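Shown next: start.cif, containing mmCIF, C-alpha atoms.
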data_input
loop_
_atom_site.label_atom_id
_atom_site.label_comp_id
_atom_site.auth_asym_id
_atom_site.auth_seq_id
_atom_site.Cartn_x
_atom_site.Cartn_y
_atom_site.Cartn_z
CA MET A 1319 0.00 0.00 0.00
CA GLN A 1320 1.08 3.55 -0.69
CA GLU A 1321 -0.09 6.58 1.20
CA VAL A 1322 -0.09 9.98 -0.41
CA GLY A 1323 -0.68 13.00 1.74
CA VAL A 1324 -1.71 16.32 0.23
CA LYS A 1325 -1.73 19.53 2.21
CA VAL A 1326 -3.64 21.56 -0.34
CA LEU A 1327 -6.05 20.33 -2.97
CA PRO A 1328 -6.81 20.30 -5.91
CA PHE A 1329 -3.30 19.06 -6.71
CA LEU A 1330 -3.09 15.29 -6.30
CA SER A 1331 0.45 14.19 -5.59
CA LEU A 1332 1.23 10.68 -6.81
CA ARG A 1333 4.77 10.63 -5.41
CA PRO A 1334 5.16 7.49 -3.32
CA ARG A 1335 5.72 7.95 0.39
CA ARG A 1336 6.49 5.56 3.18
CA PRO A 1337 3.24 3.78 4.09
CA ARG A 1338 1.79 5.24 7.28
CA LEU A 1339 -1.76 5.18 8.55
CA PRO A 1340 -2.98 8.36 10.23
CA GLY A 1341 -2.83 8.47 14.00
CA PRO A 1342 -5.27 9.96 16.48
CA ARG A 1343 -6.37 13.57 16.26
CA LEU A 1344 -4.13 15.94 18.19
CA PRO A 1345 -5.81 18.63 20.30
CA GLY A 1346 -4.85 22.24 19.83
CA PRO A 1347 -6.17 25.63 18.76
CA ARG A 1348 -5.22 25.13 15.11
CA LEU A 1349 -7.17 21.89 14.87
CA SER A 1350 -10.08 23.40 16.81
CA THR A 1351 -10.31 26.26 14.32
CA ALA A 1352 -10.12 23.87 11.37
CA LEU A 1353 -12.76 21.63 12.93
CA LEU A 1354 -15.07 24.58 13.48
CA GLY A 1355 -14.70 25.63 9.85
CA ALA A 1356 -15.28 22.09 8.63
CA THR A 1357 -18.38 21.79 10.82
CA VAL A 1358 -19.85 24.99 9.41
CA LEU A 1359 -19.16 23.73 5.90
CA GLU A 1360 -20.81 20.40 6.76
CA LEU A 1361 -23.98 22.24 7.82
CA VAL A 1362 -24.01 24.26 4.60
CA VAL A 1363 -23.54 21.09 2.52
CA LEU A 1364 -26.25 19.29 4.50
CA THR A 1365 -28.72 22.14 3.89
CA GLY A 1366 -28.05 22.11 0.17
CA HIS A 1367 -28.23 18.34 0.00
CA LEU A 1368 -31.58 18.22 1.79
CA ALA A 1369 -32.94 20.61 -0.83
CA ALA A 1370 -31.64 18.44 -3.69
CA TYR A 1371 -32.49 15.10 -2.10
CA PRO A 1372 -36.06 14.74 -3.52
CA PHE A 1373 -34.72 15.08 -7.07
CA GLY A 1374 -32.55 11.98 -6.66
CA LEU A 1375 -35.14 9.58 -5.25
CA THR A 1376 -35.90 7.95 -8.59
CA GLN A 1377 -33.45 5.96 -10.67
CA GLU A 1378 -31.58 7.85 -13.35
CA ARG A 1379 -33.29 7.90 -16.73
CA ILE A 1380 -31.34 6.41 -19.61
CA PRO A 1381 -31.40 8.57 -22.78
CA GLN A 1382 -33.59 6.98 -25.44
CA GLU A 1383 -30.80 6.71 -27.98
CA ARG A 1384 -28.73 4.68 -25.50
CA ARG A 1385 -31.49 2.49 -24.16
CA THR A 1386 -31.75 -0.24 -26.76
CA PRO A 1387 -28.45 -0.77 -28.59
CA GLU A 1388 -27.94 -4.46 -29.30
CA ARG A 1389 -24.43 -4.67 -27.98
CA ARG A 1390 -22.86 -7.11 -25.58
CA ALA A 1391 -20.17 -6.23 -23.11
CA PRO A 1392 -16.89 -7.64 -24.46
CA ASP A 1393 -15.25 -10.37 -22.45
CA LEU A 1394 -11.96 -9.62 -20.74
CA PRO A 1395 -9.18 -9.74 -21.67
CA GLN A 1396 -9.65 -8.98 -25.37
CA GLY A 1397 -6.44 -8.15 -27.21
CA PRO A 1398 -4.42 -4.94 -26.82
CA PRO A 1399 -6.24 -1.98 -25.29
CA THR A 1400 -7.47 0.89 -27.40
CA LEU A 1401 -5.40 4.01 -26.86
CA PRO A 1402 -6.85 6.06 -23.97
CA GLY A 1403 -8.26 9.36 -25.15
CA SER A 1404 -10.26 7.86 -28.04
CA LEU A 1405 -14.04 7.61 -27.80
CA ALA A 1406 -13.84 3.83 -27.66
CA ALA A 1407 -11.52 3.97 -24.67
CA GLU A 1408 -13.63 6.45 -22.68
CA ARG A 1409 -14.72 4.33 -19.80
CA PRO A 1410 -18.04 5.00 -18.08
CA VAL A 1411 -17.91 6.39 -14.56
CA VAL A 1412 -20.35 4.88 -12.06
CA LEU A 1413 -21.25 7.01 -9.03
CA LEU A 1414 -22.48 5.19 -5.91
CA HIS A 1415 -23.91 7.07 -2.91
CA GLY A 1416 -23.70 6.36 0.82
CA PHE A 1417 -26.13 5.14 3.46
CA ILE A 1418 -29.65 6.69 3.47
CA ASP A 1419 -28.68 8.86 0.53
CA ASN A 1420 -29.29 8.92 -3.20
CA ARG A 1421 -27.69 9.96 -6.46
CA SER A 1422 -28.35 13.68 -5.81
CA VAL A 1423 -25.18 13.80 -3.68
CA PHE A 1424 -23.13 13.58 -6.90
CA VAL A 1425 -24.74 16.46 -8.80
CA LEU A 1426 -21.67 18.71 -8.59
CA LEU A 1427 -19.10 15.94 -9.11
CA ARG A 1428 -21.05 14.67 -12.11
CA ARG A 1429 -21.07 18.13 -13.67
CA ALA A 1430 -17.34 18.53 -13.07
CA LEU A 1431 -16.58 15.21 -14.79
CA ALA A 1432 -18.93 16.01 -17.68
CA ARG A 1433 -17.29 19.41 -18.24
CA HIS A 1434 -13.96 17.65 -18.69
CA GLY A 1435 -15.12 15.25 -21.37
CA ARG A 1436 -16.67 12.30 -19.52
CA ARG A 1437 -19.54 11.25 -21.78
CA HIS A 1438 -20.77 8.12 -19.98
CA LEU A 1439 -21.80 8.91 -16.40
CA ALA A 1440 -24.18 6.75 -14.37
CA SER A 1441 -25.47 7.61 -10.89
CA LEU A 1442 -26.99 4.53 -9.28
CA ASN A 1443 -29.48 4.27 -6.42
CA TYR A 1444 -29.73 1.26 -4.14
CA SER A 1445 -32.63 0.78 -1.75
CA PRO A 1446 -32.19 1.93 1.88
CA LEU A 1447 -34.18 -1.20 2.75
CA THR A 1448 -31.31 -3.40 1.57
CA ARG A 1449 -30.33 -5.48 4.60
CA ASP A 1450 -27.05 -6.94 3.34
CA LEU A 1451 -24.14 -5.12 1.74
CA ARG A 1452 -23.40 -8.25 -0.28
CA THR A 1453 -26.82 -7.98 -1.95
CA ALA A 1454 -26.12 -4.37 -2.88
CA ALA A 1455 -22.74 -5.45 -4.33
CA GLU A 1456 -24.43 -8.09 -6.48
CA LEU A 1457 -26.88 -5.46 -7.74
CA LEU A 1458 -23.97 -3.17 -8.56
CA GLY A 1459 -22.40 -5.98 -10.58
CA ARG A 1460 -25.55 -6.34 -12.66
CA HIS A 1461 -25.63 -2.59 -13.26
CA VAL A 1462 -22.00 -2.60 -14.35
CA GLU A 1463 -22.64 -5.39 -16.85
CA GLU A 1464 -25.63 -3.47 -18.24
CA ILE A 1465 -23.60 -0.27 -18.54
CA CYS A 1466 -20.78 -2.07 -20.34
CA ALA A 1467 -23.27 -3.67 -22.73
CA ARG A 1468 -25.03 -0.36 -23.39
CA THR A 1469 -21.87 1.66 -24.00
CA GLY A 1470 -19.78 -1.05 -25.65
CA GLN A 1471 -16.98 -0.51 -23.12
CA ARG A 1472 -15.01 -3.32 -21.50
CA GLU A 1473 -14.45 -1.62 -18.14
CA VAL A 1474 -15.80 1.14 -15.91
CA ASP A 1475 -14.46 3.43 -13.20
CA ILE A 1476 -16.39 3.71 -9.94
CA VAL A 1477 -16.56 6.59 -7.46
CA GLY A 1478 -18.20 5.65 -4.16
CA HIS A 1479 -19.00 7.84 -1.18
CA SER A 1480 -19.00 6.31 2.31
CA LEU A 1481 -20.99 3.04 2.23
CA GLY A 1482 -21.07 3.23 -1.58
CA GLY A 1483 -17.30 2.80 -1.65
CA LEU A 1484 -17.54 -0.25 0.62
CA ILE A 1485 -20.19 -1.82 -1.62
CA ALA A 1486 -17.99 -1.25 -4.65
CA ARG A 1487 -14.96 -2.68 -2.88
CA TYR A 1488 -16.85 -5.85 -1.97
CA TYR A 1489 -17.95 -6.22 -5.60
CA VAL A 1490 -14.39 -5.77 -6.83
CA GLN A 1491 -12.61 -7.84 -4.19
CA ARG A 1492 -15.06 -10.64 -3.45
CA LEU A 1493 -17.35 -10.96 -6.49
CA GLY A 1494 -14.82 -10.78 -9.33
CA GLY A 1495 -15.62 -7.19 -10.20
CA ASP A 1496 -11.94 -6.41 -10.75
CA HIS A 1497 -12.42 -7.76 -14.28
CA ARG A 1498 -14.78 -4.84 -14.99
CA VAL A 1499 -13.56 -2.03 -12.71
CA ARG A 1500 -10.38 -0.28 -13.79
CA THR A 1501 -10.19 2.28 -10.94
CA LEU A 1502 -12.22 2.50 -7.74
CA VAL A 1503 -12.19 5.90 -6.02
CA THR A 1504 -13.63 5.99 -2.50
CA LEU A 1505 -14.55 9.11 -0.54
CA GLY A 1506 -14.73 8.72 3.23
CA THR A 1507 -15.33 4.96 3.08
CA PRO A 1508 -14.96 2.86 6.27
CA HIS A 1509 -12.60 0.28 4.77
CA GLY A 1510 -11.55 -0.87 8.24
CA GLY A 1511 -14.95 -0.35 9.85
CA THR A 1512 -16.01 2.68 11.87
CA ALA A 1513 -16.96 3.05 15.52
CA VAL A 1514 -19.44 5.78 14.56
CA ALA A 1515 -22.43 3.98 13.10
CA PRO A 1516 -25.75 5.73 13.87
CA GLY A 1517 -28.58 3.30 14.44
CA ALA A 1518 -26.23 0.32 14.40
CA GLY A 1519 -28.74 -1.69 16.44
CA LEU A 1520 -31.56 -0.90 14.02
CA HIS A 1521 -30.19 -1.57 10.54
CA PRO A 1522 -28.17 -4.68 9.61
CA ILE A 1523 -26.20 -2.98 6.85
CA VAL A 1524 -24.96 -0.37 9.34
CA ARG A 1525 -23.78 -3.10 11.68
CA GLN A 1526 -21.73 -4.44 8.78
CA MET A 1527 -19.84 -1.13 8.68
CA ARG A 1528 -18.61 -1.43 12.25
CA GLY A 1529 -15.05 -2.45 12.93
CA GLY A 1530 -14.65 -6.18 13.47
CA SER A 1531 -17.89 -7.14 11.71
CA PRO A 1532 -17.84 -10.39 9.68
CA LEU A 1533 -18.02 -8.36 6.46
CA ILE A 1534 -15.08 -6.13 7.38
CA GLU A 1535 -13.09 -9.22 8.34
CA GLU A 1536 -14.02 -10.78 5.00
CA LEU A 1537 -12.44 -7.84 3.23
CA ARG A 1538 -9.21 -8.53 5.10
CA LEU A 1539 -8.92 -11.95 3.44
CA PRO A 1540 -6.27 -12.43 0.72
CA ALA A 1541 -7.11 -11.00 -2.70
CA PRO A 1542 -4.26 -12.19 -4.93
CA GLY A 1543 -4.27 -10.88 -8.47
CA CYS A 1544 -6.88 -8.16 -7.91
CA ARG A 1545 -6.68 -5.97 -11.01
CA THR A 1546 -8.50 -2.87 -9.79
CA ARG A 1547 -6.56 0.22 -8.72
CA PHE A 1548 -7.83 1.87 -5.52
CA VAL A 1549 -7.65 5.58 -4.71
CA SER A 1550 -9.05 6.37 -1.27
CA PHE A 1551 -9.68 9.93 -0.06
CA TRP A 1552 -9.68 10.42 3.71
CA SER A 1553 -9.90 13.50 5.91
CA GLU A 1554 -8.60 13.99 9.44
CA LEU A 1555 -11.77 16.05 10.10
CA ASP A 1556 -14.17 13.29 9.02
CA GLN A 1557 -16.23 12.78 12.18
CA VAL A 1558 -17.95 9.68 10.75
CA MET A 1559 -14.70 7.78 10.31
CA VAL A 1560 -13.46 6.70 13.76
CA PRO A 1561 -10.57 6.29 13.80
CA VAL A 1562 -9.79 8.44 10.75
CA GLY A 1563 -7.39 5.79 9.44
CA THR A 1564 -10.31 3.48 8.78
CA ALA A 1565 -10.96 5.40 5.55
CA CYS A 1566 -7.59 4.23 4.17
CA VAL A 1567 -7.19 1.05 2.15
CA ASP A 1568 -4.71 -1.11 4.02
CA HIS A 1569 -4.41 -4.49 2.29
CA PRO A 1570 -1.19 -6.14 1.06
CA ASP A 1571 -2.78 -7.51 -2.12
CA LEU A 1572 -4.43 -4.30 -3.32
CA ASP A 1573 -2.88 -1.58 -5.48
CA ALA A 1574 -3.96 1.36 -3.33
CA VAL A 1575 -3.14 5.05 -2.96
CA ASN A 1576 -4.54 6.92 0.06
CA VAL A 1577 -5.06 10.65 -0.43
CA ARG A 1578 -5.22 12.93 2.59
CA VAL A 1579 -7.72 15.79 2.39
CA THR A 1580 -7.52 18.71 4.81
CA GLY A 1581 -10.10 21.18 6.02
CA ILE A 1582 -13.36 19.41 5.17
CA GLY A 1583 -15.59 16.75 6.71
CA HIS A 1584 -17.53 13.70 5.59
CA LEU A 1585 -20.46 15.30 3.75
CA ALA A 1586 -18.27 17.76 1.83
CA LEU A 1587 -16.09 15.09 0.22
CA PRO A 1588 -18.35 14.38 -2.80
CA VAL A 1589 -19.25 18.04 -3.40
CA HIS A 1590 -16.06 20.03 -2.79
CA PRO A 1591 -14.59 21.36 -6.08
CA ALA A 1592 -11.01 20.65 -4.98
CA VAL A 1593 -11.86 17.01 -4.29
CA ALA A 1594 -13.65 16.80 -7.64
CA ALA A 1595 -10.51 18.04 -9.39
CA ALA A 1596 -8.40 15.49 -7.51
CA VAL A 1597 -10.82 12.67 -8.36
CA ARG A 1598 -10.67 13.63 -12.03
CA GLU A 1599 -6.89 13.70 -11.89
CA ALA A 1600 -6.82 10.28 -10.23
CA LEU A 1601 -8.88 8.83 -13.07
CA GLU A 1602 -6.95 10.60 -15.80
CA SER A 1603 -3.52 9.78 -14.39
CA GLN A 1604 -4.23 6.07 -14.83
CA GLU A 1605 -5.30 6.68 -18.43
CA SER A 1606 -2.05 8.53 -19.14
CA GLN A 1607 -0.04 5.72 -17.56
CA GLU A 1608 -1.84 3.08 -19.62
CA SER A 1609 -1.37 5.14 -22.78
CA GLN A 1610 2.37 5.38 -22.15
CA GLU A 1611 2.63 1.65 -21.42
CA PHE A 1612 0.72 0.85 -24.61
CA ARG A 1613 3.01 3.05 -26.71
CA GLU A 1614 6.09 1.45 -25.20
CA ASP A 1615 4.75 -2.07 -25.73
CA THR A 1616 3.76 -1.45 -29.36
CA ALA A 1617 6.66 0.76 -30.50
CA PRO A 1618 8.99 -0.96 -33.01
CA SER A 1619 12.47 -1.77 -31.76
CA THR A 1620 15.17 0.41 -33.29
CA GLY A 1621 18.13 -0.95 -31.35
CA THR A 1622 18.68 2.45 -29.70
CA SER A 1623 17.67 3.97 -26.44
CA SER A 1624 17.31 7.50 -25.24
CA VAL A 1625 17.17 9.22 -21.88
CA ALA A 1626 15.20 12.42 -21.50
#

Once you've parsed the file, please lay out its structure as C-alpha cells.
Amino acid sequence: MQEVGVKVLPFLSLRPRRPRLPGPRLPGPRLSTALLGATVLELVVLTGHLAAYPFGLTQERIPQERRTPERRAPDLPQGPPTLPGSLAAERPVVLLHGFIDNRSVFVLLRRALARHGRRHLASLNYSPLTRDLRTAAELLGRHVEEICARTGQREVDIVGHSLGGLIARYYVQRLGGDHRVRTLVTLGTPHGGTAVAPGAGLHPIVRQMRGGSPLIEELRLPAPGCRTRFVSFWSELDQVMVPVGTACVDHPDLDAVNVRVTGIGHLALPVHPAVAAAVREALESQESQESQEFREDTAPSTGTSSVA
C-alpha cells in the first residue's frame, strides 16, 4: 500500500511515500479552528443536499438513444487496449452514494466530470431497505454489466461515497468485479470499519460497517491478483470515520493510494470542487499511464535507447 498526503487540494500528488496510517487527532487551537470551519461547511452542505435530495429519489433515466443498442459487453481480456483518449476507450464512470442517501449527492461531481469530457456517467441508487451489503454489491455488478453492454466498453471506473465505496470494494474484491472495474475511487469509506455507526442496532447494513464485523473481516482476506486500482480519499476532520485511518485502504494484495484531504468533513467530500478536481486527476492519471505503457509495448524496436 502507498499513502499519499496532500496539504492543499486540488493538486493530487502521486509521489510514493512511506506507508503510514494516520494516527489519532491531536488537540490544539489550530485543529479546533479547522474543525469549526469544517463543521460549518458540513452544515451548509447538508442544507443544500436536503434541498436536492427529492430530485434523486428515482433511478436515473437512460437517454432513449442509449437504451436499446444491441451490444454485448466484451469479455476480458480482449487483445491490446485501445489508446486512452479515443471515444472507444472512454470508460463509463459509475457514481455510488452512501447510506440513506441517493444519487443527488453527486450532482456537482457529475457536472465537473462532464465538463472535462466524460460522456458516460451513471449515478446509481440502491434501496435503503437493503439489509445486506453483499446484496447491494451483487446489484452493482448487474448494473455494471448493463452499462458495459449499453456503451460497448469493457471496463468502468467507480466513485463511491462512504458506504457506496464499501459496496464497490466488496464487488471488486469478493465478487470478481476487478475484471470490470479499472479504478475504484472511494470518498470517506470505512474500509476498516467505523466506531461511529448511527442506528447500528436498528439496521443490519450499518452493523456491517462497524469495525470487526464479519463483512469487514471478510475484506481482510487475501485478494491475490486483484486488477482494480484503488484511490481512497480520507480527511482527518471526518467525524464519521473513527478512527480516521479506517478510511484508508490497508491491504497487502491491493494496489492502493490513500489521499489525505484537509479542512473538510464527511459530507463535503463528494461536493467540494477541490476534491472533484483530484478525483478527475486520479482517473486521468491512470489513463495517461496506460497510454504510455501501450506506446512502449507497441513501439517498433530500433536498437537504440534515449534518456530524456

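Take the candidates A:Thr1507, A:Thr1580, A:Thr1357, A:Thr1501 and check each one against Ser1553 of chain A using all atoms listed in the file; the shortest distance goes to A:Thr1580.
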
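Picture a line from atom CA of His1434 of chain A to atom CA of Ala1455 of chain A; it runs 28.6 Å.
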
> For the file shown, what are the residues hit by the PyMOL selection byres ((chain A and resi 1448) around 12), laid out as a ChimeraX atom specification?
Replying inline: /A:1417-1418,1443-1447,1449-1457,1485,1521-1524

>> Evaluated on this file, the PyMOL selection byres ((chain A and resi 1487) around 9) picks out some residues - which ones are they, written as a PyMOL selection string?
In response: chain A and resi 1455+1482-1486+1488-1492+1495+1502+1504+1509+1537+1548

> Which value, in Å to one decimal, gives the distance between atom CA of Gly1511 of chain A and atom CA of Ala1594 of chain A?
Replying inline: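 The value is 24.5 Å.
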
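With all atoms listed in the file as the basis for measurement, A:Leu1426 is the residue among A:Leu1426, A:Leu1354, A:Leu1572, A:Val1503 that approaches Ala1592 of chain A most closely.
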
>> I'd like the neighbourhood of Pro1591 of chain A as an MDAnalysis selection string, where a residue qualifies if any of its atoms comes within 9 Å (using only C-alpha atoms), though same-chain residues fewer than 5 positions away should be ignored.
In response: chainID A and resid 1328 1426:1427 1430 1596

>> Could you list, as a count of residues only, every residue matched by the PyMOL selection byres ((chain A and resi 1590) around 12) in this structure?
In response: 33

> Taking (-15.7, 3.4, -12.5) in the file's coordinates as the center, which residues reach within 7 Å of it, counting all atoms listed in the file, put as a PyMOL selection string?
Replying inline: chain A and resi 1410-1412+1474-1477+1499-1502

> With distances taken over only C-alpha atoms, which of A:Cys1544, A:Leu1539, A:Leu1413, A:Leu1555 is nearest to Leu1431 of chain A?
Replying inline: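 Of all the options, A:Leu1413 lies closest to Leu1431 of chain A.
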
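Across the structure, atom CA of Ile1534 of chain A and atom CA of Met1559 of chain A are spaced 14.2 Å apart.
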
>> For a quick check of understanding, using only C-alpha atoms, which of A:His1569, A:Arg1538, A:Arg1598, A:His1479 has the smallest distance to Ala1432 of chain A?
In response: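 Answer, going by the shortest atom-to-atom distance: A:Arg1598.
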